[in-house]
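Data block below; observations after.
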Amino acid sequence: MTPGSNIPLTAVRVTVDVAAPVRLDVSGLLLTADGKVRSDDDFVFYNQPAAPGVTYRPGGGAAPDAITVDTAAVPSGIEKIVVTASPDAAGQTFRGIEPTATLRDADDGSVLATFTPPQLGSETALVVMEIYRRGGQWKARAVGQGYANGLAGIATDFGVTVEEPAPAAPQPVTPPQPVTPPQPAASPQPTAPPQPAVPPTPAVSAPPAPARPADTGKINLDKGRVSLRKNQTVSLVKGGRPLLSQVQMGLGWEPAYRGRDIDLDASVIAFGPRRDHIDSCYFGKLTILGGAIRHSGDNLTGEGSGDDEVITVDLGRLPQEVTGLVFTVNSFSGQKFTEVAKAYCRLLDAATGEELVRFDLTHAEAETGVMMAKLIRQYSGEWEMTAMGDFVHARTVRNMVKPAAQAL
């Protein structure tokens with residue numbers, strides 16, 4: 001299998017084992033339709049080896065650890081089971097130790113499929129494969145989504161409570177003692193050895209993992225419309241749930257200082273999980289990915305109020321392998337962005353026209369291309385929008401592909 005590919009299951013009970021040149025910890029998470037666990041009981045691993053329809057099997061060092069899924073016994077509210085893996089050695093990455101997941105019929109051991117995620121590097125944990133329902137049928141999908149913050153990062157993304165270590169308690173300050181004359185032949189008192197600190201107990205006895213870094217500047221839509229600053233991120237959820245499935249990215253600009261017409265071109269570049277270029281939508285290719293992304297057409301002047309060009313994205317229809325979208329604006333005629341005023345992008349609910357997120361470009365550089373914003377699919381299914389405002393030397397969308405991939 002390759003990343004994003006799927007197959008229908010031909011067995012009711014299947015096992016996914018994950019092997020590598022080093023010892024791996026393998027686990028499984030039972031997820032509802034919103035991509036979250038119902039409680040910490042839905043996290044299956046060596047300290048909690050069973051949940052309804054899902055069990056963990058240790059390899060004991062002689063065989064790989066495995067997760068077995070009995071699809072007939074999985075509760076109706078569970079839509080997918082994700083299988084994860086992380087090196088047993090704390091802090092070890094997957095660089096040079098490519099794992100291979102093998103999907104088997106749990107009853108006779110026959111191999112149904114294998115999957116080796118490509119091009120791994122700094123990842124310390126990996127979502128390897130998922131077993132999921134679709135249209136009343138169970139399927140398996142190869143994933144290969146890496147995390148640099150260990151199994152704790154995966155667990156937290158899916159709603160498992162993993163408590164961070166508590167800060168050390170402040171030491172009491174000893175008040176100053178009165179000065180006394182030195183005593184002759186006084187023997188120094190022995191110093192009591194320090195007592196070892198007692199480590200905190202996590203809510204779930206998850207394998208040790210580095211603390212997950214705090215999000216910087218990420219917000220959601222709970223308080224309504226959001227205005228972003230450069231490099232700030234907003235999660236497209238409200239009340240903890242994805243808000244919408246179809247969005248429009250409106251991009252607009254005006255000629256600077258009543259100057260000549262500005263012919264800019266708005267585009268969107270679609271990427272896969274390995275930053276691989278899948279397709280681009282622009283004035284010369286108004287529809288891509290089976291109509292999941294559509295372009296409104298070319299605006300040749302930039303004059304007039306409102307959005308100059310609009311790109312509509314049906315998030316629900318995007319192929320699973322599309323995990324990132326970068327929205328760009330280029331000047332094919334060579335005009336620089338120092339000749340542009342009031343450039344902006346805004347995200348709207350395509351069904352209602354309501355503006356959800358806005359980013360105004362507050363400075364300009366003498367370049368012919370700018371990456372305005374990116375939408376990134378989280379493995380939980382949520383999408384996040386990040387304001388970019390990064391200028392590049394590129395007059396066409398083709399020349400934007402490489403810098404856009406590097407910016408993901």
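Identifiers in this document derive from the order of the structure tokens: chains are assigned A, B, ..., residues are numbered from 1 separately in each chain, and ligands are numbered from 1 in order of occurrence.
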Quick check for you: according to DSSP on this backbone, which residues of stretch 26-173 of chain A are classed as strand (DSSP E or B)? Reply as a VMD selection string. chain A and resid 26 to 31 43 to 45 48 50 to 51 54 to 57 60 63 66 to 70 80 to 87 100 to 105 111 to 115 125 to 134 137 to 147
Distance query A:Leu286 at most 9 Å, only C-alpha atoms, self and fewer than 6 positions along chain excluded, as a ChimeraX atom specification: /A:293-297,311
Might you pull out every residue within 12 Å of A:Pro64, with only C-alpha atoms counted and same-chain residues fewer than 3 positions away left off, and present them as a ChimeraX atom specification? /A:15-27,56-61,67,85,87-88,99-102
7 Å contact set for A:Ile131, only C-alpha atoms, chain neighbours under 4 positions out, as JSON, numbers by chain: {"A": [80, 81, 82, 138, 139, 140, 141]}
A:Phe271: which residues within 7 Å, counting only C-alpha atoms, same-chain residues fewer than 3 positions away excluded, as a VMD selection string? chain A and resid 275 to 278 322 to 325
Saved selection, atoms kept: N, CA, C and O atoms, as a PDB file, in the first residue's frame:
ATOM      1  N   ARG A 275       4.571  16.498   1.492  1.00  0.00           N
ATOM      2  CA  ARG A 275       4.798  17.755   0.785  1.00  0.00           C
ATOM      3  C   ARG A 275       4.919  17.532  -0.723  1.00  0.00           C
ATOM      4  O   ARG A 275       5.546  18.333  -1.432  1.00  0.00           O
ATOM      5  N   ASP A 276       4.343  16.446  -1.209  1.00  0.00           N
ATOM      6  CA  ASP A 276       4.379  16.156  -2.635  1.00  0.00           C
ATOM      7  C   ASP A 276       3.280  16.938  -3.337  1.00  0.00           C
ATOM      8  O   ASP A 276       2.144  16.999  -2.871  1.00  0.00           O
ATOM      9  N   HIS A 277       3.621  17.538  -4.479  1.00  0.00           N
ATOM     10  CA  HIS A 277       2.675  18.360  -5.237  1.00  0.00           C
ATOM     11  C   HIS A 277       1.654  17.465  -5.918  1.00  0.00           C
ATOM     12  O   HIS A 277       2.011  16.570  -6.689  1.00  0.00           O
ATOM     13  N   ILE A 278       0.375  17.705  -5.639  1.00  0.00           N
ATOM     14  CA  ILE A 278      -0.689  16.909  -6.242  1.00  0.00           C
ATOM     15  C   ILE A 278      -1.300  17.630  -7.442  1.00  0.00           C
ATOM     16  O   ILE A 278      -1.449  17.060  -8.523  1.00  0.00           O
ATOM     17  N   VAL A 322      -4.898  14.569   0.082  1.00  0.00           N
ATOM     18  CA  VAL A 322      -4.656  16.016   0.132  1.00  0.00           C
ATOM     19  C   VAL A 322      -4.662  16.448   1.591  1.00  0.00           C
ATOM     20  O   VAL A 322      -5.694  16.400   2.266  1.00  0.00           O
ATOM     21  N   THR A 323      -3.507  16.878   2.083  1.00  0.00           N
ATOM     22  CA  THR A 323      -3.397  17.263   3.490  1.00  0.00           C
ATOM     23  C   THR A 323      -3.010  18.727   3.672  1.00  0.00           C
ATOM     24  O   THR A 323      -3.024  19.222   4.790  1.00  0.00           O
ATOM     25  N   GLY A 324      -2.647  19.408   2.578  1.00  0.00           N
ATOM     26  CA  GLY A 324      -2.262  20.808   2.697  1.00  0.00           C
ATOM     27  C   GLY A 324      -2.626  21.600   1.465  1.00  0.00           C
ATOM     28  O   GLY A 324      -2.495  21.102   0.333  1.00  0.00           O
ATOM     29  N   LEU A 325      -3.105  22.829   1.658  1.00  0.00           N
ATOM     30  CA  LEU A 325      -3.426  23.747   0.572  1.00  0.00           C
ATOM     31  C   LEU A 325      -2.725  25.069   0.844  1.00  0.00           C
ATOM     32  O   LEU A 325      -2.843  25.619   1.939  1.00  0.00           O
TER      33      LEU A 325
END
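Here the question is which of A:Phe94, A:Phe45, A:Tyr132, A:Tyr344 gets nearest to A:Asn6 using only C-alpha atoms, and that residue is A:Tyr132.
Closest approach to A:Ala113 among A:Pro8, A:Gly334, A:Gly250, A:Gly35: A:Pro8, based on only C-alpha atoms.
Residues surrounding A:Ile219 within 12 Å are Asp215, Thr216, Asp222, Lys223, Gly224, Arg225, Val226, Ser227, Leu228, Arg229, Gln232, Thr233, Val234, Ser235, Leu236, Val237, Lys238, Gly239, Gly240, Val357, Glu384, Met385 and Thr386 of chain A [only C-alpha atoms; sequence separation below 3 positions excluded].
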Point out the residue among A:Val370, A:Ile376, A:Val268, A:Ala405 with the least atom-to-atom distance to A:Met388, counting only C-alpha atoms. A:Val370
To one decimal place in Å, what is the distance between atom CA of A:Asn330 and atom CA of A:Val247? 21.7 Å
